[in-house]
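Data from input_28.cif: mmCIF, C-alpha atoms and all ligand atoms
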data_query
loop_
_atom_site.label_atom_id
_atom_site.label_comp_id
_atom_site.auth_asym_id
_atom_site.auth_seq_id
_atom_site.Cartn_x
_atom_site.Cartn_y
_atom_site.Cartn_z
CA MET K 1 -36.74 12.62 54.57
CA SER K 2 -35.63 15.26 57.08
CA LYS K 3 -32.44 17.20 56.43
CA LYS K 4 -29.34 16.16 58.36
CA PRO K 5 -28.01 19.17 60.32
CA LEU K 6 -24.20 19.38 60.25
CA SER K 7 -21.51 21.05 62.32
CA ILE K 8 -18.34 21.69 60.32
CA LEU K 9 -14.96 22.37 61.94
CA GLY K 10 -12.48 23.91 59.50
CA SER K 11 -15.19 25.18 57.11
CA THR K 12 -12.76 27.59 55.42
CA GLY K 13 -10.22 24.87 54.57
CA SER K 14 -10.00 22.62 51.53
CA ILE K 15 -12.17 19.85 53.06
CA GLY K 16 -14.56 22.38 54.61
CA VAL K 17 -15.15 24.09 51.26
CA SER K 18 -15.66 20.73 49.49
CA THR K 19 -18.11 19.67 52.23
CA LEU K 20 -20.11 22.85 51.74
CA ASP K 21 -20.14 22.16 48.01
CA VAL K 22 -21.74 18.76 48.72
CA VAL K 23 -24.30 20.50 50.99
CA ARG K 24 -24.99 22.99 48.16
CA GLN K 25 -25.54 20.09 45.73
CA PHE K 26 -28.01 18.34 48.07
CA PRO K 27 -30.01 21.07 49.84
CA ASP K 28 -32.85 18.66 50.60
CA ARG K 29 -30.47 16.27 52.38
CA PHE K 30 -28.24 18.48 54.52
CA GLU K 31 -28.28 21.80 56.33
CA VAL K 32 -25.54 23.68 58.13
CA ALA K 33 -26.21 24.17 61.84
CA ALA K 34 -22.77 25.36 62.98
CA LEU K 35 -19.46 26.38 61.40
CA ALA K 36 -15.96 26.89 62.78
CA ALA K 37 -13.00 28.50 61.03
CA GLY K 38 -9.56 29.71 62.09
CA ARG K 39 -8.67 33.18 60.77
CA ASN K 40 -10.29 33.45 57.35
CA ILE K 41 -13.12 35.83 58.25
CA ASP K 42 -13.75 36.86 54.63
CA LEU K 43 -14.61 33.34 53.53
CA LEU K 44 -16.50 32.59 56.76
CA CYS K 45 -18.70 35.70 56.22
CA GLU K 46 -19.57 34.46 52.76
CA GLN K 47 -20.35 30.96 54.10
CA ILE K 48 -22.60 32.47 56.80
CA ARG K 49 -24.48 34.46 54.14
CA VAL K 50 -25.05 31.38 51.96
CA PHE K 51 -25.61 28.60 54.52
CA GLU K 52 -27.11 30.54 57.49
CA PRO K 53 -25.68 28.54 60.44
CA SER K 54 -27.11 29.22 63.92
CA VAL K 55 -23.69 29.43 65.53
CA VAL K 56 -20.09 30.03 64.36
CA ALA K 57 -16.68 30.06 66.06
CA VAL K 58 -13.29 31.56 65.19
CA LEU K 59 -9.81 31.36 66.69
CA ASP K 60 -9.81 34.25 69.18
CA GLN K 61 -11.78 37.10 70.71
CA GLY K 62 -10.35 39.74 68.36
CA LEU K 63 -11.42 37.77 65.29
CA ALA K 64 -14.86 37.18 66.83
CA ALA K 65 -15.29 40.95 67.42
CA GLY K 66 -14.20 41.67 63.82
CA LEU K 67 -16.61 39.05 62.50
CA LYS K 68 -19.55 40.44 64.50
CA GLN K 69 -18.88 43.88 63.06
CA ARG K 70 -18.77 42.48 59.53
CA LEU K 71 -22.06 40.64 60.09
CA HIS K 72 -23.93 43.88 60.96
CA SER K 73 -24.56 44.46 57.27
CA GLN K 74 -25.86 40.92 56.67
CA ASN K 75 -29.40 39.68 57.18
CA HIS K 76 -28.42 36.48 58.96
CA GLN K 77 -26.87 36.95 62.42
CA PRO K 78 -25.52 33.73 64.00
CA GLU K 79 -24.20 33.51 67.53
CA VAL K 80 -20.43 34.18 67.35
CA LEU K 81 -18.08 32.23 69.63
CA PHE K 82 -14.31 31.84 69.82
CA GLY K 83 -11.45 29.70 71.09
CA ARG K 84 -11.47 26.20 72.48
CA GLU K 85 -14.84 26.60 74.19
CA GLY K 86 -16.38 28.05 71.03
CA TYR K 87 -15.06 25.18 68.91
CA GLU K 88 -16.35 22.61 71.38
CA ARG K 89 -19.80 24.25 71.38
CA VAL K 90 -19.89 24.20 67.56
CA ALA K 91 -18.81 20.54 67.53
CA ALA K 92 -21.40 19.48 70.12
CA TYR K 93 -24.15 21.88 68.98
CA PRO K 94 -27.44 20.31 70.13
CA LYS K 95 -29.21 20.69 66.77
CA SER K 96 -26.41 18.95 64.80
CA ARG K 97 -26.58 15.25 64.02
CA MET K 98 -23.09 14.92 62.58
CA LEU K 99 -19.72 16.65 62.97
CA VAL K 100 -17.48 17.06 59.94
CA SER K 101 -14.11 17.27 61.66
CA ALA K 102 -11.83 19.08 59.19
CA MET K 103 -9.56 21.41 61.11
CA VAL K 104 -5.90 20.81 60.45
CA GLY K 105 -3.58 19.35 63.09
CA ALA K 106 -3.93 18.72 66.81
CA ALA K 107 -6.39 21.64 67.13
CA GLY K 108 -9.11 19.24 65.97
CA LEU K 109 -8.76 16.76 68.83
CA LEU K 110 -10.65 18.35 71.74
CA PRO K 111 -13.66 19.61 69.77
CA THR K 112 -13.93 16.21 68.06
CA LEU K 113 -13.96 14.51 71.47
CA ALA K 114 -16.65 16.99 72.60
CA ALA K 115 -18.82 15.98 69.64
CA ILE K 116 -18.42 12.26 70.39
CA GLU K 117 -19.21 12.92 74.05
CA ALA K 118 -22.42 14.64 72.89
CA GLY K 119 -23.34 11.59 70.76
CA LYS K 120 -22.77 13.08 67.28
CA ASP K 121 -21.79 10.86 64.37
CA LEU K 122 -18.41 11.78 62.95
CA ALA K 123 -17.26 12.40 59.38
CA LEU K 124 -13.56 12.42 60.15
CA ALA K 125 -11.05 14.21 57.93
CA ASN K 126 -8.78 15.38 60.76
CA LYS K 127 -6.53 12.30 60.84
CA GLU K 128 -4.38 13.89 63.56
CA THR K 129 -7.23 13.23 66.03
CA LEU K 130 -6.76 9.47 65.61
CA VAL K 131 -2.98 9.71 65.42
CA ILE K 132 -2.77 11.54 68.75
CA ALA K 133 -5.46 9.75 70.73
CA GLY K 134 -6.80 6.88 68.62
CA GLU K 135 -7.43 4.54 71.51
CA ILE K 136 -9.32 7.13 73.57
CA VAL K 137 -11.33 8.37 70.58
CA MET K 138 -12.36 4.90 69.37
CA ARG K 139 -13.19 3.70 72.89
CA LEU K 140 -15.38 6.75 73.53
CA ALA K 141 -17.06 6.42 70.11
CA LYS K 142 -17.86 2.78 70.87
CA SER K 143 -19.25 3.56 74.31
CA LYS K 144 -21.44 6.33 72.85
CA GLY K 145 -22.59 4.12 69.95
CA ILE K 146 -21.70 6.72 67.32
CA ARG K 147 -20.40 6.15 63.78
CA VAL K 148 -16.87 7.20 62.85
CA LEU K 149 -17.02 7.60 59.07
CA PRO K 150 -13.72 8.23 57.28
CA VAL K 151 -13.39 11.18 54.91
CA ASP K 152 -9.76 10.55 53.95
CA SER K 153 -10.07 9.05 50.45
CA GLU K 154 -7.89 6.03 51.30
CA HIS K 155 -9.83 5.18 54.45
CA SER K 156 -13.14 5.73 52.69
CA ALA K 157 -11.92 3.26 50.04
CA ILE K 158 -10.99 0.68 52.70
CA PHE K 159 -14.28 1.26 54.51
CA GLN K 160 -16.15 0.72 51.23
CA ALA K 161 -14.13 -2.42 50.38
CA LEU K 162 -14.97 -3.85 53.80
CA GLN K 163 -18.75 -3.49 53.34
CA GLY K 164 -20.55 -6.81 53.26
CA ASN K 165 -17.48 -8.91 54.10
CA HIS K 166 -16.53 -10.75 57.28
CA ARG K 167 -13.75 -9.00 59.17
CA GLU K 168 -12.10 -12.34 60.05
CA ALA K 169 -11.50 -12.84 56.31
CA LEU K 170 -9.39 -9.67 56.02
CA LYS K 171 -5.74 -10.45 55.30
CA ARG K 172 -4.14 -7.06 54.56
CA ILE K 173 -4.96 -3.47 53.87
CA LEU K 174 -3.21 -2.17 50.73
CA LEU K 175 -2.96 1.56 51.38
CA THR K 176 -2.21 3.55 48.25
CA ALA K 177 -0.14 6.75 48.17
CA SER K 178 0.39 9.16 45.30
CA GLY K 179 4.02 9.39 46.42
CA GLY K 180 3.80 13.18 46.30
CA PRO K 181 5.87 15.30 43.90
CA PHE K 182 9.26 13.77 44.81
CA PHE K 183 8.88 9.99 45.03
CA ASP K 184 11.38 9.37 42.21
CA ARG K 185 13.94 12.00 43.32
CA THR K 186 17.39 11.07 44.61
CA ARG K 187 18.50 11.87 48.16
CA ASP K 188 20.69 14.70 46.83
CA GLU K 189 17.76 16.18 44.96
CA LEU K 190 15.55 15.93 48.07
CA ALA K 191 18.07 18.02 50.02
CA MET K 192 17.47 20.89 47.56
CA VAL K 193 13.65 20.84 47.64
CA THR K 194 12.04 24.27 48.21
CA PRO K 195 8.71 24.97 49.96
CA GLU K 196 7.28 26.17 46.62
CA ALA K 197 8.11 22.86 44.91
CA ALA K 198 6.82 20.83 47.87
CA LEU K 199 3.53 22.76 47.82
CA ARG K 200 2.85 21.68 44.21
CA HIS K 201 1.06 18.34 44.61
CA PRO K 202 0.62 16.45 41.31
CA ASN K 203 -2.96 15.18 41.89
CA TRP K 204 -4.70 16.85 44.82
CA THR K 205 -5.39 20.46 45.85
CA MET K 206 -5.18 20.50 49.64
CA GLY K 207 -4.15 22.64 52.61
CA ARG K 208 -0.47 23.53 53.07
CA LYS K 209 0.29 21.18 55.96
CA ILE K 210 -1.13 18.03 54.35
CA THR K 211 0.56 18.95 51.05
CA ILE K 212 3.97 19.01 52.75
CA ASP K 213 3.03 15.81 54.62
CA SER K 214 2.32 14.21 51.23
CA ALA K 215 5.73 15.25 49.93
CA THR K 216 7.59 13.78 52.95
CA LEU K 217 5.25 10.74 53.00
CA MET K 218 4.40 11.61 56.61
CA ASN K 219 0.82 11.85 55.38
CA LYS K 220 0.97 8.13 54.54
CA GLY K 221 2.56 7.42 57.91
CA LEU K 222 -0.25 9.28 59.68
CA GLU K 223 -2.72 7.34 57.54
CA VAL K 224 -1.20 4.02 58.64
CA ILE K 225 -1.92 5.02 62.25
CA GLU K 226 -5.39 6.25 61.26
CA ALA K 227 -6.14 2.92 59.52
CA HIS K 228 -4.80 0.99 62.51
CA TRP K 229 -7.37 2.64 64.79
CA LEU K 230 -10.29 2.87 62.37
CA PHE K 231 -10.13 -0.74 61.23
CA ASP K 232 -8.43 -2.37 64.23
CA VAL K 233 -5.60 -3.77 62.08
CA PRO K 234 -1.97 -4.10 63.24
CA VAL K 235 0.62 -2.02 61.37
CA GLU K 236 2.22 -5.22 59.98
CA GLN K 237 -0.99 -5.91 58.03
CA ILE K 238 -0.98 -2.50 56.33
CA ALA K 239 1.10 -2.44 53.11
CA ILE K 240 1.76 0.90 51.41
CA HIS K 241 1.65 0.96 47.60
CA ILE K 242 2.88 4.06 45.77
CA HIS K 243 0.33 4.68 43.01
CA PRO K 244 1.12 7.95 41.23
CA GLU K 245 -2.20 8.16 39.31
CA SER K 246 -4.32 8.38 42.54
CA ILE K 247 -7.16 6.41 40.92
CA VAL K 248 -7.18 3.31 43.15
CA HIS K 249 -7.80 4.96 46.51
CA SER K 250 -6.91 1.79 48.48
CA MET K 251 -7.61 -1.93 48.58
CA VAL K 252 -8.47 -4.75 50.95
CA GLU K 253 -6.95 -8.19 50.46
CA TYR K 254 -8.94 -11.16 51.75
CA VAL K 255 -7.76 -14.61 52.85
CA ASP K 256 -9.06 -16.24 49.65
CA GLY K 257 -6.75 -14.05 47.54
CA SER K 258 -9.46 -11.62 46.41
CA VAL K 259 -8.42 -7.97 46.40
CA ILE K 260 -11.23 -5.40 46.46
CA ALA K 261 -10.31 -1.90 45.34
CA GLN K 262 -12.26 1.35 45.28
CA MET K 263 -11.49 3.64 42.35
CA GLY K 264 -12.48 7.11 41.26
CA ILE K 265 -11.04 10.39 40.11
CA PRO K 266 -9.17 12.35 42.80
CA ASP K 267 -12.12 14.46 44.05
CA MET K 268 -12.67 14.74 47.81
CA ARG K 269 -16.38 15.44 47.30
CA ILE K 270 -16.82 11.70 46.58
CA PRO K 271 -15.60 10.37 49.98
CA ILE K 272 -17.16 13.37 51.75
CA ALA K 273 -20.59 12.64 50.23
CA TYR K 274 -20.23 8.95 51.14
CA ALA K 275 -19.49 9.84 54.78
CA LEU K 276 -22.33 12.38 54.98
CA ALA K 277 -24.99 10.10 53.46
CA TYR K 278 -23.72 6.66 54.56
CA PRO K 279 -25.01 4.03 53.85
CA GLU K 280 -26.57 5.75 50.84
CA ARG K 281 -24.74 6.95 47.74
CA LEU K 282 -25.52 10.37 46.32
CA PRO K 283 -25.31 11.42 42.64
CA VAL K 284 -22.34 13.75 43.22
CA GLN K 285 -21.60 16.20 40.39
CA SER K 286 -18.06 15.18 39.55
CA PRO K 287 -16.37 14.27 36.23
CA PRO K 288 -16.60 10.51 35.52
CA LEU K 289 -13.61 8.17 35.72
CA ASP K 290 -12.51 7.45 32.13
CA LEU K 291 -10.33 4.33 32.24
CA PHE K 292 -9.76 4.37 28.45
CA ARG K 293 -8.02 7.71 28.71
CA LEU K 294 -5.97 6.63 31.71
CA GLN K 295 -4.63 3.38 30.25
CA ASN K 296 -1.96 2.69 32.91
CA LEU K 297 -2.18 2.21 36.64
CA ASN K 298 1.24 1.87 38.28
CA PHE K 299 2.23 0.59 41.71
CA TYR K 300 5.64 0.78 43.45
CA PRO K 301 6.93 -0.11 46.92
CA PRO K 302 7.78 2.92 49.10
CA ASP K 303 11.42 3.75 49.90
CA GLU K 304 11.61 4.21 53.67
CA GLU K 305 15.31 5.11 53.52
CA LYS K 306 14.61 8.08 51.26
CA PHE K 307 11.40 8.97 53.12
CA PRO K 308 12.15 8.30 56.82
CA CYS K 309 8.82 9.83 57.98
CA LEU K 310 7.17 6.59 56.96
CA ARG K 311 9.52 4.51 59.11
CA LEU K 312 9.07 6.90 62.06
CA ALA K 313 5.27 6.82 61.85
CA LYS K 314 5.23 3.02 61.73
CA GLU K 315 7.53 2.89 64.75
CA ALA K 316 5.25 5.30 66.62
CA CYS K 317 2.25 3.14 65.71
CA ARG K 318 3.99 -0.06 66.89
CA ARG K 319 5.18 1.41 70.19
CA GLY K 320 1.95 3.37 70.73
CA SER K 321 1.15 5.20 73.98
CA THR K 322 2.27 8.86 73.81
CA LEU K 323 4.71 8.34 70.91
CA PRO K 324 2.24 8.99 68.03
CA ALA K 325 1.24 12.30 69.70
CA VAL K 326 4.94 13.20 69.90
CA LEU K 327 5.50 12.26 66.25
CA ASN K 328 2.53 14.37 65.21
CA ALA K 329 3.44 17.45 67.28
CA ALA K 330 7.08 17.39 66.15
CA ASN K 331 5.92 17.04 62.57
CA GLU K 332 3.56 20.03 62.82
CA VAL K 333 6.41 22.21 64.13
CA ALA K 334 8.94 20.87 61.61
CA VAL K 335 6.59 21.46 58.66
CA GLU K 336 6.11 25.11 59.76
CA ALA K 337 9.88 25.48 60.12
CA PHE K 338 10.40 24.10 56.61
CA LEU K 339 7.77 26.45 55.18
CA ASP K 340 9.56 29.34 56.98
CA ARG K 341 12.88 28.11 55.46
CA ARG K 342 14.41 27.49 58.91
CA ILE K 343 15.12 23.84 58.08
CA THR K 344 15.57 21.86 54.86
CA PHE K 345 13.25 19.17 53.52
CA PRO K 346 15.34 16.29 54.98
CA GLY K 347 15.47 18.32 58.21
CA ILE K 348 11.78 17.49 58.80
CA PRO K 349 12.33 13.77 59.62
CA ARG K 350 15.58 14.63 61.44
CA VAL K 351 13.73 16.90 63.88
CA ILE K 352 10.95 14.33 64.40
CA GLU K 353 13.41 11.47 64.98
CA THR K 354 15.41 13.47 67.54
CA VAL K 355 12.27 14.44 69.48
CA MET K 356 10.99 10.85 69.40
CA LYS K 357 14.33 9.51 70.69
CA ASP K 358 14.29 11.95 73.62
CA HIS K 359 10.74 11.13 74.63
CA GLN K 360 9.97 8.94 77.62
CA VAL K 361 6.87 7.01 76.61
CA ALA K 362 4.15 7.02 79.29
CA ALA K 363 3.08 3.60 80.60
CA SER K 364 -0.70 3.90 80.33
CA PRO K 365 -1.56 7.29 78.87
CA THR K 366 -4.60 9.37 79.75
CA LEU K 367 -5.82 12.28 77.64
CA GLU K 368 -3.90 14.61 79.97
CA THR K 369 -0.58 12.74 79.58
CA ILE K 370 -1.09 12.70 75.81
CA LEU K 371 -1.69 16.46 75.76
CA GLN K 372 1.39 16.93 77.97
CA ALA K 373 3.46 14.85 75.54
CA ASP K 374 2.12 16.96 72.66
CA ARG K 375 3.17 20.21 74.44
CA TRP K 376 6.58 18.79 75.35
CA ALA K 377 7.24 17.62 71.78
CA ARG K 378 6.28 21.04 70.36
CA GLN K 379 8.75 22.76 72.72
CA GLU K 380 11.52 20.32 71.83
CA ALA K 381 10.88 20.65 68.10
CA GLU K 382 10.74 24.46 68.40
CA ARG K 383 14.10 24.40 70.18
CA LEU K 384 15.62 22.14 67.53
CA THR K 385 14.31 24.24 64.65
CA ARG K 386 15.63 27.45 66.26
CA VAL K 387 19.19 26.06 66.51
CA ALA K 388 20.63 25.04 63.15
CA THR K 389 19.51 21.37 62.93
CA ASP K 390 20.60 21.28 59.33
CA SER K 391 24.10 22.57 59.54
N1 LIG X 401 -7.43 18.48 51.78
C1 LIG X 401 -7.62 17.20 51.55
O1 LIG X 401 -7.83 16.77 50.41
C2 LIG X 401 -7.59 16.22 52.70
C3 LIG X 401 -7.77 14.86 52.43
C4 LIG X 401 -7.81 13.96 53.48
C5 LIG X 401 -7.66 14.40 54.78
N2 LIG X 401 -7.46 15.72 55.02
C6 LIG X 401 -7.30 16.16 56.41
O2 LIG X 401 -8.31 17.12 56.70
C7 LIG X 401 -7.81 18.10 57.60
C8 LIG X 401 -7.96 19.47 56.96
O3 LIG X 401 -7.16 19.52 55.79
P1 LIG X 401 -7.30 20.71 54.74
O4 LIG X 401 -6.47 20.32 53.57
O5 LIG X 401 -8.74 21.02 54.53
O6 LIG X 401 -6.57 21.88 55.53
P2 LIG X 401 -6.64 23.45 55.25
O7 LIG X 401 -7.10 23.73 53.86
O8 LIG X 401 -5.34 24.01 55.70
O9 LIG X 401 -7.80 23.95 56.23
C9 LIG X 401 -7.65 23.87 57.61
C10 LIG X 401 -8.86 24.43 58.32
O10 LIG X 401 -8.60 24.42 59.72
C11 LIG X 401 -8.65 25.78 60.22
N3 LIG X 401 -7.60 25.93 61.22
C12 LIG X 401 -6.26 25.94 61.01
N4 LIG X 401 -5.61 26.04 62.19
C13 LIG X 401 -6.55 26.12 63.15
C14 LIG X 401 -6.51 26.26 64.57
N5 LIG X 401 -5.37 26.34 65.23
N6 LIG X 401 -7.68 26.29 65.23
C15 LIG X 401 -8.85 26.22 64.56
N7 LIG X 401 -8.97 26.09 63.22
C16 LIG X 401 -7.82 26.04 62.53
C17 LIG X 401 -8.45 26.67 59.02
O11 LIG X 401 -9.04 27.94 59.26
P3 LIG X 401 -8.62 29.31 58.50
O12 LIG X 401 -8.20 28.93 57.11
O13 LIG X 401 -9.89 30.09 58.58
O14 LIG X 401 -7.52 29.92 59.30
C18 LIG X 401 -9.19 25.87 57.94
O15 LIG X 401 -10.58 26.06 58.07
C19 LIG X 401 -6.36 17.72 57.90
O16 LIG X 401 -6.31 16.98 59.07
C20 LIG X 401 -5.98 16.84 56.70
O17 LIG X 401 -4.98 15.91 57.02
C21 LIG X 401 -7.44 16.63 54.02
#
For this file, write the structure as structure tokens.
Ligand SMILES: NC(=O)c1ccc[n+]([C@@H]2O[C@H](COP(=O)([O-])OP(=O)(O)OC[C@H]3O[C@@H](n4cnc5c(N)ncnc54)[C@H](OP(=O)(O)O)[C@@H]3O)[C@@H](O)[C@H]2O)c1
Amino acid sequence: MSKKPLSILGSTGSIGVSTLDVVRQFPDRFEVAALAAGRNIDLLCEQIRVFEPSVVAVLDQGLAAGLKQRLHSQNHQPEVLFGREGYERVAAYPKSRMLVSAMVGAAGLLPTLAAIEAGKDLALANKETLVIAGEIVMRLAKSKGIRVLPVDSEHSAIFQALQGNHREALKRILLTASGGPFFDRTRDELAMVTPEAALRHPNWTMGRKITIDSATLMNKGLEVIEAHWLFDVPVEQIAIHIHPESIVHSMVEYVDGSVIAQMGIPDMRIPIAYALAYPERLPVQSPPLDLFRLQNLNFYPPDEEKFPCLRLAKEACRRGSTLPAVLNAANEVAVEAFLDRRITFPGIPRVIETVMKDHQVAASPTLETILQADRWARQEAERLTRVATDS
């Protein structure tokens, strides 16, 4: 069997590093054609040395010049690109068969669209792509006949539970959530949460933005929108279940009352390997799930009063159009502001709600109107986080 050449956006991030670990475990199955990172030149240099991609891209010209200089002393010399054009060329690189889309935030949207346009299959971790422009992305993917394979563990679980069943028989998606580090805290306690505490996730080691999103439950809200587009299911048929052990990664309920769950230890290499090799399963080196040691699996309903991000994301999903892009952009800015200690933890949903209320939803959005809404929402959220929203 020939090796599958991959492009990886966000290779220096948590998902990127786990993806490269899967490639390292299966050198006869995958090869790295192209890599893109943001600013972490040290790690990218090391990845270039080990995986020998033909082309790489970084955030800006200065970083590209620095990288080229660093590569002088290495044997392998890839083409070095930068910026939006560089990312799009990595994503749509002719030799690649699949794009692993794992940048964080809205930055992933345009290169992911470029890959779909070029007919590449997609292993999608960057949920923001579907949140911002789900309709456009899924329509283009359909017209190009490419596969959109979920990397997010919950969506991989749903995708796996849907295999071999008739879609008409689907009743509900039961989307599990760890609940993050604060799901049992009181409102008063939430007001005192620090960035350090919010960055300590109980089960998963992830990038900073998604870790904060997990603590506010915005991550689950974004995942509701992601599931809505991936599986063509209305938000009313997606029920969130807080499951602190993160063993059941999600479930599908069918009309006959059967509920099919996918379980496993919290290790992103499992859903990544499934997306890369689909429909095959690979013998991933990962500790086995030991149910005897676990003993209890708990499930709780989410509290949307305490975690308003969930309510806001569902509202954005229901109303659609440019509102999910606005929700996402305001969230990205608010999370940064919280990490910089400019706003409190409950200030995050307050900023998002204010920006959403002030937004005039476009009637039938194009990619350009969506990008405009994203820019507008960032400006509004920046303004709100500069003045004291929390006072
Ligand atoms: N981590 C998980 O377990 C997990 C699970 C499910 C879904 N996801 C999703 O996967 C995506 C990545 O998450 P992550 O946890 O891997 O994030 P991460 O560790 O923060 O990594 C983000 C990656 O994106 C790059 N990047 C950041 N800003 C960029 C920009 N403006 N332009 C270009 N590249 C940029 C970073 O580059 P540098 O570091 O080089 O600057 C890094 O390679 C997110 O959408 C997240 O929601 C993650």
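Of the residues listed (K:Pro78, K:Gly108, K:Gly221, K:Gly257), K:Gly108 shows the shortest atom-to-atom separation from ligand LIG 401 (chain X); distances use all atoms listed in the file.
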Per residue of chain K within 6 Å of ligand LIG 401 (chain X), which atom pair is closest and at what distance in Å (one decimal), using only C-alpha atoms and all ligand atoms, listed by chain and increasing number, as CSV?
residue,atom,partner,partner_atom,distance
K:Gly10,CA,X:LIG401,O15,3.2
K:Ser11,CA,X:LIG401,O15,4.8
K:Thr12,CA,X:LIG401,O15,3.8
K:Gly13,CA,X:LIG401,O9,3.1
K:Ser14,CA,X:LIG401,O5,3.6
K:Ile15,CA,X:LIG401,O5,3.9
K:Gly16,CA,X:LIG401,O5,6.0
K:Ala37,CA,X:LIG401,O13,4.3
K:Gly38,CA,X:LIG401,O11,3.4
K:Arg39,CA,X:LIG401,O14,3.8
K:Asn40,CA,X:LIG401,O13,3.6
K:Leu59,CA,X:LIG401,C15,5.6
K:Ala102,CA,X:LIG401,C7,4.4
K:Met103,CA,X:LIG401,O10,3.5
K:Val104,CA,X:LIG401,C19,4.0
K:Gly105,CA,X:LIG401,O16,5.4
K:Ala107,CA,X:LIG401,N5,5.2
K:Ala125,CA,X:LIG401,O2,4.2
K:Asn126,CA,X:LIG401,O16,3.4
K:Lys127,CA,X:LIG401,O16,5.0
K:Glu128,CA,X:LIG401,O16,5.8
K:Asp152,CA,X:LIG401,C4,4.0
K:Met206,CA,X:LIG401,N1,3.7
K:Gly207,CA,X:LIG401,O7,3.4
K:Arg208,CA,X:LIG401,O8,5.6
K:Ile210,CA,X:LIG401,O17,5.1
K:Met268,CA,X:LIG401,O1,5.9
>> From the options K:Ala316, K:Phe345, K:Pro271, K:Val284, which residue's atoms come nearest to Glu189 in chain K, counting all atoms listed in the file?
In response: K:Phe345
Find the nearest atom pair between each residue of range 241-274 of chain K and range 170-179 of chain K for residues within 8 Å, count only C-alpha atoms, give distances in Å to one decimal, sort rows by chain and ascending number, and present the table as JSON lines.
{"residue": "K:His241", "atom": "CA", "partner": "K:Thr176", "partner_atom": "CA", "distance": 4.7}
{"residue": "K:Ile242", "atom": "CA", "partner": "K:Ala177", "partner_atom": "CA", "distance": 4.7}
{"residue": "K:His243", "atom": "CA", "partner": "K:Ser178", "partner_atom": "CA", "distance": 5.0}
{"residue": "K:Pro244", "atom": "CA", "partner": "K:Ser178", "partner_atom": "CA", "distance": 4.3}
{"residue": "K:Glu245", "atom": "CA", "partner": "K:Ser178", "partner_atom": "CA", "distance": 6.6}
{"residue": "K:Ser246", "atom": "CA", "partner": "K:Ser178", "partner_atom": "CA", "distance": 5.5}
{"residue": "K:Val248", "atom": "CA", "partner": "K:Thr176", "partner_atom": "CA", "distance": 7.1}
{"residue": "K:His249", "atom": "CA", "partner": "K:Thr176", "partner_atom": "CA", "distance": 6.0}
{"residue": "K:Ser250", "atom": "CA", "partner": "K:Leu175", "partner_atom": "CA", "distance": 4.9}
{"residue": "K:Met251", "atom": "CA", "partner": "K:Leu174", "partner_atom": "CA", "distance": 4.9}
{"residue": "K:Val252", "atom": "CA", "partner": "K:Ile173", "partner_atom": "CA", "distance": 4.7}
{"residue": "K:Glu253", "atom": "CA", "partner": "K:Arg172", "partner_atom": "CA", "distance": 5.1}
{"residue": "K:Tyr254", "atom": "CA", "partner": "K:Leu170", "partner_atom": "CA", "distance": 4.5}
{"residue": "K:Val255", "atom": "CA", "partner": "K:Lys171", "partner_atom": "CA", "distance": 5.2}
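Using all atoms listed in the file, the nearest neighbour of Ala91 in chain K within the list K:Val131, K:Val32, K:Cys45, K:Leu67 is K:Val32.
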Check which residues of range 106-161 of chain K sit at most 12 Å from range 222-234 of chain K using all atoms listed in the file, and return one row each with the closest pair of atoms and their distance in Å to one decimal, ordered by chain and rising number, as a tab-separated table.
residue	atom	partner	partner_atom	distance
K:Leu124	CA	K:Glu226	CA	10.3
K:Ala125	CA	K:Glu226	CA	10.3
K:Asn126	CA	K:Glu226	CA	9.8
K:Lys127	CA	K:Glu226	CA	6.2
K:Glu128	CA	K:Leu222	CA	7.3
K:Thr129	CA	K:Glu226	CA	8.7
K:Leu130	CA	K:Glu226	CA	5.6
K:Val131	CA	K:Ile225	CA	5.8
K:Ile132	CA	K:Ile225	CA	9.2
K:Ala133	CA	K:Trp229	CA	9.5
K:Gly134	CA	K:Trp229	CA	5.7
K:Glu135	CA	K:Trp229	CA	7.0
K:Ile136	CA	K:Trp229	CA	10.1
K:Val137	CA	K:Trp229	CA	9.1
K:Met138	CA	K:Trp229	CA	7.1
K:Arg139	CA	K:Trp229	CA	10.0
K:Ala141	CA	K:Leu230	CA	10.9
K:Lys142	CA	K:Leu230	CA	11.4
K:Arg147	CA	K:Leu230	CA	10.7
K:Val148	CA	K:Leu230	CA	7.9
K:Leu149	CA	K:Leu230	CA	8.9
K:Pro150	CA	K:Leu230	CA	8.1
K:Val151	CA	K:Glu226	CA	11.3
K:Asp152	CA	K:Glu223	CA	8.5
K:Ser153	CA	K:Glu223	CA	10.4
K:Glu154	CA	K:Glu223	CA	8.2
K:His155	CA	K:Ala227	CA	6.7
K:Ser156	CA	K:Ala227	CA	10.2
K:Ala157	CA	K:Ala227	CA	11.1
K:Ile158	CA	K:Ala227	CA	8.7
K:Phe159	CA	K:Phe231	CA	8.1
K:Gln160	CA	K:Phe231	CA	11.8
K:Ala161	CA	K:Phe231	CA	11.7
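With distances restricted to only C-alpha atoms, K:Ala273 is the closest residue to Ser18 in chain K from K:Leu110, K:Ala273, K:Ala65, K:Val235.
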>> Report as a ChimeraX atom specification all protein, DNA and RNA residues lying within 8 Å of range 180-183 of chain K, evaluated on all atoms listed in the file, omitting residues in the same chain fewer than 4 positions from it.
In response: /K:190,197-198,200-202,214-217,244
> Between CA of Gln262 in chain K and CA of Pro279 in chain K, what is the spacing in Å?
Replying inline: 15.6 Å
> Residues at most 10 Å from Ala363 in chain K, counting only C-alpha atoms, excluding those fewer than 5 positions away in the same chain, as a ChimeraX atom specification?
Replying inline: /K:320-322,369
